[in-house]
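S.K.: File follows, target.txt with compact mmCIF, C-alpha atoms and all ligand atoms:
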```txt
# COMPACT_ATOMS: atom_id res chain seq x y z
CA MET A 118 12.82 -10.71 -30.67
CA LEU A 119 10.72 -12.16 -33.48
CA GLU A 120 8.94 -15.48 -33.31
CA VAL A 121 6.86 -16.57 -36.28
CA THR A 122 4.74 -19.68 -35.83
CA LYS A 123 2.86 -21.54 -38.54
CA LEU A 124 2.35 -18.46 -40.67
CA SER A 125 0.30 -18.93 -43.83
CA VAL A 126 -0.42 -16.37 -46.55
CA ALA A 127 -2.93 -16.88 -49.36
CA TYR A 128 -3.86 -14.87 -52.42
CA GLY A 129 -7.41 -15.92 -53.21
CA GLY A 130 -7.25 -19.69 -53.37
CA ILE A 131 -3.48 -19.84 -53.83
CA GLN A 132 -1.36 -20.50 -50.75
CA ALA A 133 1.92 -18.61 -51.17
CA VAL A 134 3.23 -19.31 -47.64
CA ARG A 135 2.39 -22.51 -45.78
CA ASN A 136 2.87 -23.03 -42.04
CA VAL A 137 6.17 -21.20 -41.90
CA SER A 138 7.92 -20.97 -38.51
CA PHE A 139 11.15 -19.18 -37.70
CA ARG A 140 12.70 -16.86 -35.17
CA VAL A 141 15.17 -14.01 -34.99
CA GLU A 142 17.01 -13.33 -31.73
CA GLN A 143 17.93 -9.84 -30.63
CA GLY A 144 21.14 -8.67 -32.31
CA GLU A 145 21.11 -11.44 -34.89
CA MET A 146 21.21 -11.18 -38.65
CA VAL A 147 19.16 -13.99 -40.15
CA ALA A 148 18.87 -14.79 -43.85
CA LEU A 149 15.73 -16.07 -45.54
CA ILE A 150 16.80 -17.43 -48.90
CA GLY A 151 14.92 -19.06 -51.74
CA ALA A 152 14.21 -18.97 -55.46
CA ASN A 153 11.74 -16.77 -57.37
CA GLY A 154 8.23 -17.21 -56.08
CA ALA A 155 9.25 -19.14 -52.96
CA GLY A 156 7.16 -16.83 -50.77
CA LYS A 157 9.86 -14.65 -49.22
CA THR A 158 8.25 -11.29 -49.97
CA SER A 159 4.83 -12.57 -48.94
CA THR A 160 6.33 -13.62 -45.60
CA LEU A 161 7.92 -10.20 -45.01
CA LYS A 162 4.74 -8.39 -46.03
CA ALA A 163 2.76 -10.44 -43.56
CA LEU A 164 5.28 -9.57 -40.81
CA ALA A 165 5.06 -5.87 -41.65
CA ARG A 166 1.25 -6.17 -41.82
CA LEU A 167 1.12 -5.02 -45.44
CA LEU A 168 -1.08 -8.03 -45.93
CA THR A 169 -3.07 -10.12 -43.52
CA ALA A 170 -1.94 -13.66 -42.87
CA ALA A 171 -4.47 -16.44 -43.38
CA SER A 172 -3.30 -18.00 -40.13
CA GLY A 173 -0.40 -18.19 -37.74
CA SER A 174 1.19 -16.13 -35.02
CA VAL A 175 3.82 -13.38 -35.13
CA ARG A 176 5.29 -12.42 -31.78
CA TYR A 177 7.61 -9.44 -31.56
CA CYS A 178 9.28 -8.55 -28.26
CA GLY A 179 6.83 -10.88 -26.54
CA GLN A 180 3.74 -9.27 -28.03
CA GLU A 181 1.39 -10.74 -30.64
CA ILE A 182 1.48 -8.33 -33.60
CA SER A 183 -0.38 -10.23 -36.29
CA ALA A 184 -3.44 -8.01 -35.90
CA LEU A 185 -1.74 -4.63 -35.33
CA GLU A 186 -2.08 -1.86 -37.88
CA PRO A 187 1.03 -1.35 -40.03
CA HIS A 188 1.79 2.17 -38.79
CA ARG A 189 1.75 0.87 -35.21
CA LEU A 190 4.56 -1.49 -36.13
CA VAL A 191 6.80 1.39 -37.17
CA SER A 192 6.45 3.06 -33.80
CA GLN A 193 7.04 -0.33 -32.14
CA GLY A 194 10.39 -0.52 -33.95
CA ILE A 195 9.85 -2.61 -37.08
CA ALA A 196 11.00 -1.15 -40.40
CA LEU A 197 10.68 -2.74 -43.82
CA VAL A 198 12.91 -1.95 -46.78
CA PRO A 199 10.60 -3.22 -49.50
CA GLU A 200 11.45 -5.14 -52.63
CA GLY A 201 11.97 -2.58 -55.38
CA ARG A 202 12.93 0.08 -52.78
CA GLY A 203 9.72 2.14 -52.89
CA VAL A 204 11.36 5.55 -52.63
CA PHE A 205 9.15 8.59 -53.24
CA PRO A 206 10.36 9.61 -56.71
CA ARG A 207 9.24 13.26 -56.64
CA MET A 208 10.76 13.95 -53.27
CA SER A 209 14.41 14.72 -52.62
CA ILE A 210 16.75 12.47 -50.71
CA VAL A 211 16.37 14.59 -47.57
CA GLU A 212 12.58 14.59 -47.87
CA ASN A 213 12.55 10.81 -48.29
CA LEU A 214 14.67 10.44 -45.17
CA LEU A 215 12.34 12.71 -43.20
CA MET A 216 9.39 10.58 -44.32
CA GLY A 217 11.12 7.68 -42.60
CA ALA A 218 10.94 9.68 -39.36
CA TYR A 219 7.28 10.66 -39.71
CA SER A 220 6.28 8.90 -36.50
CA ARG A 221 8.91 10.79 -34.47
CA PHE A 222 8.84 14.24 -32.91
CA ASP A 223 12.36 14.48 -31.45
CA LYS A 224 13.68 16.98 -33.97
CA PRO A 225 17.32 17.26 -32.80
CA ALA A 226 17.64 13.47 -32.82
CA ILE A 227 16.09 13.32 -36.29
CA VAL A 228 18.72 15.76 -37.55
CA ALA A 229 21.44 13.67 -35.91
CA ASP A 230 20.05 10.49 -37.47
CA THR A 231 20.01 12.12 -40.90
CA GLU A 232 23.71 12.84 -40.42
CA HIS A 233 24.26 9.25 -39.34
CA VAL A 234 22.62 7.99 -42.54
CA PHE A 235 24.80 10.38 -44.52
CA SER A 236 27.88 9.01 -42.78
CA LEU A 237 26.85 5.47 -43.72
CA PHE A 238 26.09 6.53 -47.30
CA PRO A 239 28.20 9.59 -48.21
CA ARG A 240 26.81 9.35 -51.74
CA LEU A 241 23.40 10.39 -50.39
CA LYS A 242 24.86 13.45 -48.71
CA GLU A 243 26.44 14.67 -51.95
CA ARG A 244 23.02 14.41 -53.59
CA ALA A 245 20.83 15.49 -50.67
CA GLN A 246 18.55 17.72 -52.76
CA GLN A 247 18.32 15.44 -55.79
CA LEU A 248 14.90 13.94 -56.56
CA ALA A 249 14.83 10.28 -55.60
CA GLY A 250 13.32 9.27 -58.94
CA THR A 251 16.48 10.41 -60.73
CA LEU A 252 18.84 8.33 -58.56
CA SER A 253 20.54 5.17 -59.82
CA GLY A 254 19.23 1.83 -58.60
CA GLY A 255 22.04 1.50 -56.10
CA GLU A 256 21.50 5.01 -54.76
CA GLN A 257 17.79 4.30 -54.41
CA GLN A 258 18.61 1.18 -52.42
CA MET A 259 20.87 3.23 -50.13
CA LEU A 260 18.05 5.73 -49.70
CA ALA A 261 15.49 3.01 -48.95
CA ILE A 262 17.76 1.60 -46.23
CA GLY A 263 18.50 5.08 -44.90
CA ARG A 264 14.80 5.93 -44.79
CA ALA A 265 14.08 2.75 -42.82
CA LEU A 266 16.84 3.62 -40.33
CA MET A 267 15.23 7.03 -39.78
CA SER A 268 12.41 5.40 -37.82
CA ARG A 269 15.05 4.13 -35.34
CA PRO A 270 13.99 0.51 -35.77
CA LYS A 271 14.90 -2.33 -33.46
CA LEU A 272 14.17 -4.86 -36.20
CA LEU A 273 15.07 -4.20 -39.82
CA LEU A 274 13.39 -6.26 -42.54
CA LEU A 275 15.27 -6.15 -45.85
CA ASP A 276 13.73 -7.52 -49.05
CA GLU A 277 16.31 -8.28 -51.76
CA PRO A 278 18.65 -5.32 -51.29
CA SER A 279 20.97 -6.74 -53.98
CA MET A 280 18.31 -6.97 -56.66
CA GLY A 281 19.32 -5.55 -60.04
CA LEU A 282 22.57 -4.00 -58.79
CA ALA A 283 26.11 -4.31 -60.12
CA PRO A 284 28.47 -6.41 -57.95
CA LEU A 285 30.47 -3.44 -56.72
CA MET A 286 27.33 -1.61 -55.59
CA VAL A 287 26.01 -4.77 -53.94
CA GLN A 288 29.27 -5.09 -52.05
CA ARG A 289 29.08 -1.50 -50.85
CA ILE A 290 25.49 -1.85 -49.68
CA PHE A 291 26.17 -5.11 -47.89
CA GLU A 292 29.13 -3.57 -46.09
CA VAL A 293 26.73 -0.99 -44.68
CA ILE A 294 24.12 -3.61 -43.76
CA ARG A 295 26.83 -5.51 -41.90
CA LYS A 296 27.94 -2.32 -40.17
CA VAL A 297 24.40 -1.51 -39.07
CA ALA A 298 24.12 -5.05 -37.69
CA ASP A 299 27.45 -4.66 -35.91
CA GLU A 300 26.07 -1.53 -34.25
CA GLY A 301 23.43 -3.79 -32.68
CA MET A 302 20.54 -3.86 -35.14
CA THR A 303 18.52 -7.06 -35.48
CA VAL A 304 18.11 -7.89 -39.18
CA LEU A 305 15.98 -10.29 -41.19
CA LEU A 306 17.50 -10.39 -44.66
CA VAL A 307 15.52 -11.81 -47.58
CA GLU A 308 17.69 -12.62 -50.58
CA GLN A 309 17.79 -14.65 -53.75
CA ASN A 310 21.55 -14.16 -53.63
CA ALA A 311 22.07 -16.96 -51.14
CA LYS A 312 25.86 -16.78 -51.01
CA LEU A 313 25.95 -13.13 -50.19
CA ALA A 314 23.14 -13.36 -47.65
CA LEU A 315 24.65 -16.34 -45.83
CA GLU A 316 28.09 -14.77 -45.77
CA VAL A 317 26.84 -11.82 -43.72
CA SER A 318 24.29 -13.67 -41.55
CA GLN A 319 24.60 -15.88 -38.47
CA ARG A 320 21.76 -18.23 -39.35
CA GLY A 321 19.60 -18.96 -42.34
CA TYR A 322 16.32 -20.46 -43.46
CA VAL A 323 15.73 -21.92 -46.90
CA MET A 324 12.28 -21.40 -48.36
CA GLU A 325 10.88 -23.52 -51.20
CA SER A 326 7.37 -23.33 -52.63
CA GLY A 327 5.99 -21.52 -49.61
CA GLU A 328 7.61 -23.73 -46.98
CA ILE A 329 10.79 -23.64 -44.93
CA THR A 330 12.69 -26.76 -45.87
CA LEU A 331 16.04 -26.22 -44.18
CA THR A 332 17.53 -24.17 -41.38
CA ASP A 333 21.01 -24.01 -39.88
CA GLU A 334 23.90 -21.77 -39.02
CA ALA A 335 24.82 -19.74 -42.07
CA GLU A 336 28.26 -21.32 -42.31
CA LYS A 337 26.77 -24.80 -42.35
CA LEU A 338 24.21 -23.86 -44.97
CA LEU A 339 27.02 -22.48 -47.14
CA ALA A 340 28.74 -25.86 -46.88
CA ASN A 341 25.56 -27.92 -47.33
CA PRO A 342 25.68 -29.84 -50.65
CA LYS A 343 21.93 -29.35 -51.23
CA VAL A 344 22.24 -25.61 -50.77
CA ARG A 345 25.35 -25.50 -52.92
CA ALA A 346 23.59 -27.37 -55.73
CA ALA A 347 20.31 -25.46 -55.59
CA TYR A 348 21.39 -21.92 -54.68
CA LEU A 349 25.11 -21.47 -55.18
CA GLY A 350 25.22 -22.70 -58.77
CA GLU A 351 27.36 -25.77 -58.14
N1 LIG B 1 -0.57 -9.97 -55.05
C1 LIG B 1 -0.51 -11.26 -55.42
N2 LIG B 1 -1.56 -11.88 -55.97
C2 LIG B 1 -1.51 -13.20 -56.31
N3 LIG B 1 -0.41 -13.96 -56.14
C3 LIG B 1 0.67 -13.39 -55.62
C4 LIG B 1 0.69 -12.02 -55.23
N4 LIG B 1 1.92 -11.73 -54.74
C5 LIG B 1 2.63 -12.87 -54.82
N5 LIG B 1 1.89 -13.86 -55.34
C6 LIG B 1 2.32 -15.26 -55.56
O1 LIG B 1 2.78 -15.79 -54.35
C7 LIG B 1 3.92 -16.61 -54.54
C8 LIG B 1 5.08 -16.10 -53.70
O2 LIG B 1 5.48 -14.82 -54.16
P1 LIG B 1 6.55 -13.92 -53.40
O3 LIG B 1 6.57 -12.60 -54.05
O4 LIG B 1 6.25 -13.98 -51.96
O5 LIG B 1 7.89 -14.73 -53.71
P2 LIG B 1 9.41 -14.33 -53.48
O6 LIG B 1 10.04 -15.48 -52.79
O7 LIG B 1 9.51 -13.01 -52.85
O8 LIG B 1 9.97 -14.29 -54.98
P3 LIG B 1 11.10 -13.31 -55.63
O9 LIG B 1 12.41 -13.87 -55.22
O10 LIG B 1 10.86 -13.47 -57.11
O11 LIG B 1 10.87 -11.93 -55.13
C9 LIG B 1 4.21 -16.56 -56.05
O12 LIG B 1 3.66 -17.73 -56.63
C10 LIG B 1 3.48 -15.33 -56.52
O13 LIG B 1 3.05 -15.46 -57.84
MG MG B 2 10.32 -11.24 -53.43
```
Any chance you could give the structure as structure tokens?

M.R.:
Amino acid sequence: MLEVTKLSVAYGGIQAVRNVSFRVEQGEMVALIGANGAGKTSTLKALARLLTAASGSVRYCGQEISALEPHRLVSQGIALVPEGRGVFPRMSIVENLLMGAYSRFDKPAIVADTEHVFSLFPRLKERAQQLAGTLSGGEQQMLAIGRALMSRPKLLLLDEPSMGLAPLMVQRIFEVIRKVADEGMTVLLVEQNAKLALEVSQRGYVMESGEITLTDEAEKLLANPKVRAAYLGE
């Protein structure tokens, strides 16, 4: 579904991502793990066209998308849950969810999808009219994921959904991510929390200083001594 070839991203003279290649098959959940500053967010932003890659190719469903406008990607089925969530603080939960469906006009289906998000995250339903800016970090993360689902994506890009959250909240959110994947969603999961990410994914890529240095089945990466030493605190 997604095939990234020799992608590079630069900020001025600094190369944050260097010749990165990876792929995500339909229905797969793939983890992209790495330390602070490894280039994970820059990679996702380039995929979602929030920044322009210096070079490289991004093919999605057989089509080159590296020059498409970002809003076109949403209607093509790519949704990004950005690092830091990016909810609209002065809008309610329901309004935030509807913003996720801005490219759609099938009103009855939008209503049904709102209910589906509420069934995944009952906490959001209880607080439907609350302003997003007053939600806890975990609730904002739920909302950011819910909003992304409202565009009916085929490919979900998640940037550090566990960031800054208590373990119990992380667990709850990852259960939902896993459930969404089990329903057939294709997911690219960026995480610093390597253990968590690899436990829910089929395959993984390790990113270091802007390059992919290791790739394998998630189970094998979890057992890999290098990964254990560098990312699992052993
Ligand atoms: N807007 C920017 N301008 C200049 N440099 C940037 C910019 N955004 C990121 N960088 C640099 O690019 C490199 C990769 O950053 P990036 O945010 O992609 O890393 P990351 O893997 O997502 O890290 P983290 O786990 O901390 O989120 C870093 O050295 C960072 O300082
Ligand atoms: Mg990041």

S.K.: List all protein, DNA and RNA residues that have at least one atom no more than 10 Å from any atom of ligand MG 2 (chain B), counting only C-alpha atoms and all ligand atoms, and write them as number ranges by chain.

M.R.: A: 151-162, 199-201, 276-277, 280, 307-309

S.K.: For C-alpha atoms, I'd like the residues from the last selection saved as a compact mmCIF listing (two decimals), in the frame of the given file.

M.R.:
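Output (selection_18.txt):
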```
# COMPACT_ATOMS: atom_id res chain seq x y z
CA GLY A 151 14.92 -19.06 -51.74
CA ALA A 152 14.21 -18.97 -55.46
CA ASN A 153 11.74 -16.77 -57.37
CA GLY A 154 8.23 -17.21 -56.08
CA ALA A 155 9.25 -19.14 -52.96
CA GLY A 156 7.16 -16.83 -50.77
CA LYS A 157 9.86 -14.65 -49.22
CA THR A 158 8.25 -11.29 -49.97
CA SER A 159 4.83 -12.57 -48.94
CA THR A 160 6.33 -13.62 -45.60
CA LEU A 161 7.92 -10.20 -45.01
CA LYS A 162 4.74 -8.39 -46.03
CA PRO A 199 10.60 -3.22 -49.50
CA GLU A 200 11.45 -5.14 -52.63
CA GLY A 201 11.97 -2.58 -55.38
CA ASP A 276 13.73 -7.52 -49.05
CA GLU A 277 16.31 -8.28 -51.76
CA MET A 280 18.31 -6.97 -56.66
CA VAL A 307 15.52 -11.81 -47.58
CA GLU A 308 17.69 -12.62 -50.58
CA GLN A 309 17.79 -14.65 -53.75
```

S.K.: Counting only C-alpha atoms, which residue out of A:Ala184, A:Met267, A:Ala261, A:Cys178 sits closest to A:Ala218?

M.R.: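 Going through A:Ala184, A:Met267, A:Ala261, A:Cys178 one by one, the smallest distance to A:Ala218 is for A:Met267.
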
S.K.: Give me the residues within 12 Å of A:Met259 as a ChimeraX atom specification, counting all atoms listed in the file and dropping any in the same chain fewer than 2 places off.

M.R.: /A:198,201-204,210,213-214,234-242,244,249,252-257,261-266,275,278-279,282,286-294

S.K.: Take atom CA of A:Asp223 and atom CA of A:Met302 and report the distance between them in Å, one decimal.

M.R.: 20.4 Å

S.K.: Find the residue from A:Leu273, A:Leu349, A:Ala148, A:Val121 that sits nearest to A:Leu190; use all atoms listed in the file when measuring.

M.R.: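 For A:Leu190, the nearest of the given residues is A:Leu273.
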
S.K.: Contacts of A:Glu186 at 10 Å or less, counting only C-alpha atoms, minus same-chain residues fewer than 4 places along, as a compact mmCIF listing (two decimals) with C-alpha atoms, keeping the file's coordinate frame?

M.R.:
```txt
# COMPACT_ATOMS: atom_id res chain seq x y z
CA ALA A 165 5.06 -5.87 -41.65
CA ARG A 166 1.25 -6.17 -41.82
CA LEU A 167 1.12 -5.02 -45.44
CA ILE A 182 1.48 -8.33 -33.60
CA LEU A 190 4.56 -1.49 -36.13
CA VAL A 191 6.80 1.39 -37.17
```

S.K.: Here is a test: counting only C-alpha atoms and all ligand atoms, which residue of A:Ser125, A:Ser174, A:Gln132, A:Thr251 is nearest to ligand LIG 1 (chain B)?

M.R.: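 Ranking A:Ser125, A:Ser174, A:Gln132, A:Thr251 by distance to ligand LIG 1 (chain B), first place goes to A:Gln132.
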
S.K.: Find the distance between atom CA of A:Ala171 and atom CA of A:Ser192 and write it in Å to one decimal.

M.R.: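 It comes out at 24.3 Å.
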
S.K.: Closest to ligand LIG 1 (chain B) among A:Ala127, A:Val147, A:Ala163, A:Ala133, using all atoms listed in the file?

M.R.: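 Distance minimum relative to ligand LIG 1 (chain B) lands on A:Ala133.
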
S.K.: Of the residues A:Leu119, A:Leu306, A:Val317, A:Ala229, which is the one nearest to ligand LIG 1 (chain B), using all atoms listed in the file?

M.R.: A:Leu306

S.K.: Could you tell me how far atom CA of A:Val137 lies from atom CA of A:Glu328, in Å and to one decimal?

M.R.: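 The value is 5.9 Å.
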
S.K.: Pick the closest to A:Gly350 from A:Met216, A:Ile131, A:Val175, A:Ala311: which is it, counting only C-alpha atoms?

M.R.: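 Using only C-alpha atoms, the shortest distance to A:Gly350 belongs to A:Ala311.
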
S.K.: Show me, as an MDAnalysis selection string, the residues that have an atom within 12 Å of A:Glu142 when counting all atoms listed in the file, minus same-chain residues fewer than 2 positions from it.

M.R.: chainID A and resid 118:121 139:140 144:147 176:179 271:272 301:305 319:320
